[in-house]
Amino acid sequence: MKSLSSHFSLAVLLGSMAVSAHAQEFKAGFVNTDRIFREASTAKAAQSKLEQEFSKREKELVDQGNTLKSASEKFEREAPTMAESQRVSRQRQLVDQDREFQRKRREFQEDLNSRKNEELAQVLERANKVVKQVAESEKYDVILQEAVYINPKYDITDKVIKALNGGGK
């Protein structure tokens, strides 16, 4: 039984040495996609494109919201002196305008989110190609995009952002 135990211990020791030797050959890296979305020129260009595309609609919504707010405040001030039928009619009109405003605001947000997702998907697709190029050229075994903790020495985000900004395709 003692001989079996010592053989098992020797096997565990040899196995751990083999794993240790193999672990030294294994090369891992990490990419912070949030930083890529904030710092890469392609992401900044996508953000600028979205701002240009949606700025007119956003301004119209802000203006419509301000107009509706002014009309509501005016109604609140004048309501006590209005005839009942006039007050009910104006109140109904304000409720309809608010409903229309909320609908337009929802549609705007849905359109913006949809376009933002499209643009970010293109940025991510390009970033993933660059990550793959960096991984292949520097012989990484694995590149992670999400982790609870990562030692900064394994973070290759700067290399990826630099390649993206430098036109690395």
# chains A, B, ... in the order shown; residues from 1 in each chain; ligands from 1
call {"tool": "residues_around", "arguments": {"residues": "Glu60 of chain A", "least_positions_apart": "6", "cutoff": "12 Å", "atoms": "only C-alpha atoms", "output": "list in words"}}
result
Phe54, Asn66, Thr67, Phe101, Lys104, Arg105 and Phe108 of chain A
call {"tool": "select_by_dssp", "arguments": {"residues": "chain A", "states": "strand (DSSP E or B)", "output": "PDB file with N, CA and C atoms, in the first residue's frame"}}
result
ATOM      1  N   ALA A  28      -1.447  33.822 -23.196  1.00  0.00           N
ATOM      2  CA  ALA A  28      -2.810  34.348 -23.140  1.00  0.00           C
ATOM      3  C   ALA A  28      -2.771  35.867 -23.169  1.00  0.00           C
ATOM      4  N   GLY A  29      -3.838  36.449 -23.670  1.00  0.00           N
ATOM      5  CA  GLY A  29      -3.966  37.899 -23.693  1.00  0.00           C
ATOM      6  C   GLY A  29      -5.402  38.302 -23.406  1.00  0.00           C
ATOM      7  N   PHE A  30      -5.590  39.596 -23.188  1.00  0.00           N
ATOM      8  CA  PHE A  30      -6.908  40.123 -22.855  1.00  0.00           C
ATOM      9  C   PHE A  30      -7.131  41.409 -23.642  1.00  0.00           C
ATOM     10  N   VAL A 142      -4.695  32.153 -26.690  1.00  0.00           N
ATOM     11  CA  VAL A 142      -6.064  32.563 -26.413  1.00  0.00           C
ATOM     12  C   VAL A 142      -6.074  34.058 -26.113  1.00  0.00           C
ATOM     13  N   ILE A 143      -7.130  34.719 -26.587  1.00  0.00           N
ATOM     14  CA  ILE A 143      -7.375  36.125 -26.257  1.00  0.00           C
ATOM     15  C   ILE A 143      -8.781  36.181 -25.665  1.00  0.00           C
ATOM     16  N   LEU A 144      -8.884  36.720 -24.449  1.00  0.00           N
ATOM     17  CA  LEU A 144     -10.173  36.845 -23.777  1.00  0.00           C
ATOM     18  C   LEU A 144     -10.700  38.263 -23.938  1.00  0.00           C
ATOM     19  N   ASP A 155      -2.876  42.435 -20.837  1.00  0.00           N
ATOM     20  CA  ASP A 155      -3.813  43.305 -21.561  1.00  0.00           C
ATOM     21  C   ASP A 155      -3.160  43.807 -22.852  1.00  0.00           C
TER      22      ASP A 155
END
call {"tool": "residues_around", "arguments": {"residues": "Lys27 of chain A", "least_positions_apart": "4", "cutoff": "9 Å", "atoms": "only C-alpha atoms", "output": "list of chain:residue names"}}
result
A:Ala23, A:Lys139, A:Tyr140, A:Asp141, A:Val142, A:Ile143, A:Tyr154
call {"tool": "closest_residue", "arguments": {"among": "A:Ala147, A:Leu120, A:Ala127, A:Leu61", "to": "Ala46 of chain A", "atoms": "only C-alpha atoms"}}
result
A:Leu120
call {"tool": "atom_distance", "arguments": {"atom1": "atom CA of Lys162 of chain A", "atom2": "atom CA of Glu39 of chain A"}}
result
9.7 Å
call {"tool": "closest_residue", "arguments": {"among": "A:Ser137, A:Ala163, A:Ile150, A:Val123", "to": "Thr33 of chain A", "atoms": "only C-alpha atoms"}}
result
A:Val123
call {"tool": "select_by_dssp", "arguments": {"residues": "segment 70-158 of chain A", "states": "alpha helix (DSSP H)", "output": "ChimeraX atom specification"}}
result
/A:70-78,84-137,157-158
call {"tool": "atom_distance", "arguments": {"atom1": "atom CA of Glu110 of chain A", "atom2": "atom CA of Asp63 of chain A"}}
result
19.2 Å
call {"tool": "closest_residue", "arguments": {"among": "A:Asp98, A:Glu51, A:Asp34, A:Glu118", "to": "Gln64 of chain A", "atoms": "only C-alpha atoms"}}
result
A:Asp98
call {"tool": "atom_distance", "arguments": {"atom1": "atom CA of Ser48 of chain A", "atom2": "atom CA of Arg106 of chain A"}}
result
21.7 Å
call {"tool": "decode", "arguments": {"residues": "segment 68-97 of chain A", "atoms": "N, CA, C and O atoms", "output": "short mmCIF file (atom, residue, chain, number, x, y, z; two decimals), in the first residue's frame"}}
result
data_model
loop_
_atom_site.label_atom_id
_atom_site.label_comp_id
_atom_site.auth_asym_id
_atom_site.auth_seq_id
_atom_site.Cartn_x
_atom_site.Cartn_y
_atom_site.Cartn_z
N LEU A 68 -44.33 71.73 -25.50
CA LEU A 68 -45.36 71.04 -24.72
C LEU A 68 -45.30 71.47 -23.25
O LEU A 68 -46.34 71.71 -22.62
N LYS A 69 -44.10 71.61 -22.72
CA LYS A 69 -43.95 72.04 -21.32
C LYS A 69 -44.50 73.46 -21.14
O LYS A 69 -45.23 73.73 -20.18
N SER A 70 -44.19 74.34 -22.07
CA SER A 70 -44.70 75.72 -22.00
C SER A 70 -46.22 75.74 -22.08
O SER A 70 -46.88 76.48 -21.33
N ALA A 71 -46.78 74.94 -22.98
CA ALA A 71 -48.23 74.88 -23.13
C ALA A 71 -48.89 74.34 -21.85
O ALA A 71 -49.94 74.84 -21.43
N SER A 72 -48.25 73.35 -21.22
CA SER A 72 -48.78 72.79 -19.97
C SER A 72 -48.73 73.82 -18.84
O SER A 72 -49.68 73.95 -18.06
N GLU A 73 -47.62 74.55 -18.76
CA GLU A 73 -47.49 75.58 -17.73
C GLU A 73 -48.52 76.70 -17.93
O GLU A 73 -49.12 77.18 -16.97
N LYS A 74 -48.72 77.06 -19.19
CA LYS A 74 -49.71 78.10 -19.52
C LYS A 74 -51.11 77.62 -19.12
O LYS A 74 -51.90 78.36 -18.54
N PHE A 75 -51.38 76.35 -19.42
CA PHE A 75 -52.68 75.78 -19.07
C PHE A 75 -52.88 75.81 -17.55
O PHE A 75 -53.96 76.16 -17.07
N GLU A 76 -51.85 75.42 -16.81
CA GLU A 76 -51.95 75.42 -15.33
C GLU A 76 -52.26 76.81 -14.80
O GLU A 76 -53.03 76.96 -13.85
N ARG A 77 -51.66 77.83 -15.40
CA ARG A 77 -51.90 79.21 -14.95
C ARG A 77 -53.31 79.68 -15.31
O ARG A 77 -53.97 80.36 -14.53
N GLU A 78 -53.77 79.31 -16.50
CA GLU A 78 -55.04 79.83 -17.00
C GLU A 78 -56.24 78.97 -16.65
O GLU A 78 -57.38 79.43 -16.75
N ALA A 79 -56.01 77.73 -16.25
CA ALA A 79 -57.11 76.78 -15.99
C ALA A 79 -58.14 77.31 -15.00
O ALA A 79 -59.36 77.15 -15.24
N PRO A 80 -57.74 77.94 -13.91
CA PRO A 80 -58.75 78.40 -12.95
C PRO A 80 -59.73 79.44 -13.51
O PRO A 80 -60.86 79.54 -13.03
N THR A 81 -59.34 80.17 -14.53
CA THR A 81 -60.23 81.20 -15.08
C THR A 81 -60.97 80.75 -16.34
O THR A 81 -61.73 81.52 -16.90
N MET A 82 -60.74 79.52 -16.77
CA MET A 82 -61.38 79.03 -18.00
C MET A 82 -62.76 78.44 -17.70
O MET A 82 -63.01 77.96 -16.60
N ALA A 83 -63.56 78.44 -18.74
CA ALA A 83 -64.84 77.75 -18.66
C ALA A 83 -64.56 76.25 -18.62
O ALA A 83 -63.55 75.79 -19.16
N GLU A 84 -65.45 75.51 -17.98
CA GLU A 84 -65.26 74.06 -17.82
C GLU A 84 -65.03 73.36 -19.16
O GLU A 84 -64.10 72.56 -19.29
N SER A 85 -65.85 73.64 -20.17
CA SER A 85 -65.72 72.97 -21.47
C SER A 85 -64.38 73.32 -22.13
O SER A 85 -63.74 72.46 -22.75
N GLN A 86 -63.96 74.57 -22.00
CA GLN A 86 -62.70 75.00 -22.58
C GLN A 86 -61.52 74.31 -21.85
O GLN A 86 -60.56 73.87 -22.49
N ARG A 87 -61.60 74.21 -20.55
CA ARG A 87 -60.55 73.58 -19.76
C ARG A 87 -60.43 72.10 -20.12
O ARG A 87 -59.34 71.58 -20.33
N VAL A 88 -61.57 71.40 -20.24
CA VAL A 88 -61.57 69.98 -20.60
C VAL A 88 -60.99 69.79 -22.00
O VAL A 88 -60.18 68.89 -22.24
N SER A 89 -61.38 70.65 -22.93
CA SER A 89 -60.89 70.57 -24.30
C SER A 89 -59.37 70.78 -24.37
O SER A 89 -58.65 70.02 -25.03
N ARG A 90 -58.85 71.80 -23.67
CA ARG A 90 -57.41 72.08 -23.68
C ARG A 90 -56.63 70.95 -22.99
O ARG A 90 -55.55 70.58 -23.43
N GLN A 91 -57.22 70.42 -21.92
CA GLN A 91 -56.56 69.34 -21.21
C GLN A 91 -56.45 68.10 -22.10
O GLN A 91 -55.40 67.46 -22.17
N ARG A 92 -57.51 67.80 -22.81
CA ARG A 92 -57.52 66.66 -23.73
C ARG A 92 -56.49 66.88 -24.84
O ARG A 92 -55.74 65.96 -25.22
N GLN A 93 -56.42 68.10 -25.34
CA GLN A 93 -55.47 68.44 -26.39
C GLN A 93 -54.02 68.25 -25.88
O GLN A 93 -53.18 67.69 -26.58
N LEU A 94 -53.76 68.69 -24.66
CA LEU A 94 -52.41 68.53 -24.09
C LEU A 94 -52.07 67.05 -23.88
O LEU A 94 -50.93 66.64 -24.12
N VAL A 95 -53.03 66.27 -23.44
CA VAL A 95 -52.81 64.84 -23.25
C VAL A 95 -52.49 64.18 -24.59
O VAL A 95 -51.55 63.36 -24.69
N ASP A 96 -53.22 64.54 -25.65
CA ASP A 96 -52.95 63.99 -26.99
C ASP A 96 -51.56 64.40 -27.48
O ASP A 96 -50.83 63.58 -28.05
N GLN A 97 -51.20 65.66 -27.26
CA GLN A 97 -49.88 66.13 -27.67
C GLN A 97 -48.77 65.41 -26.90
O GLN A 97 -47.74 65.04 -27.47
#
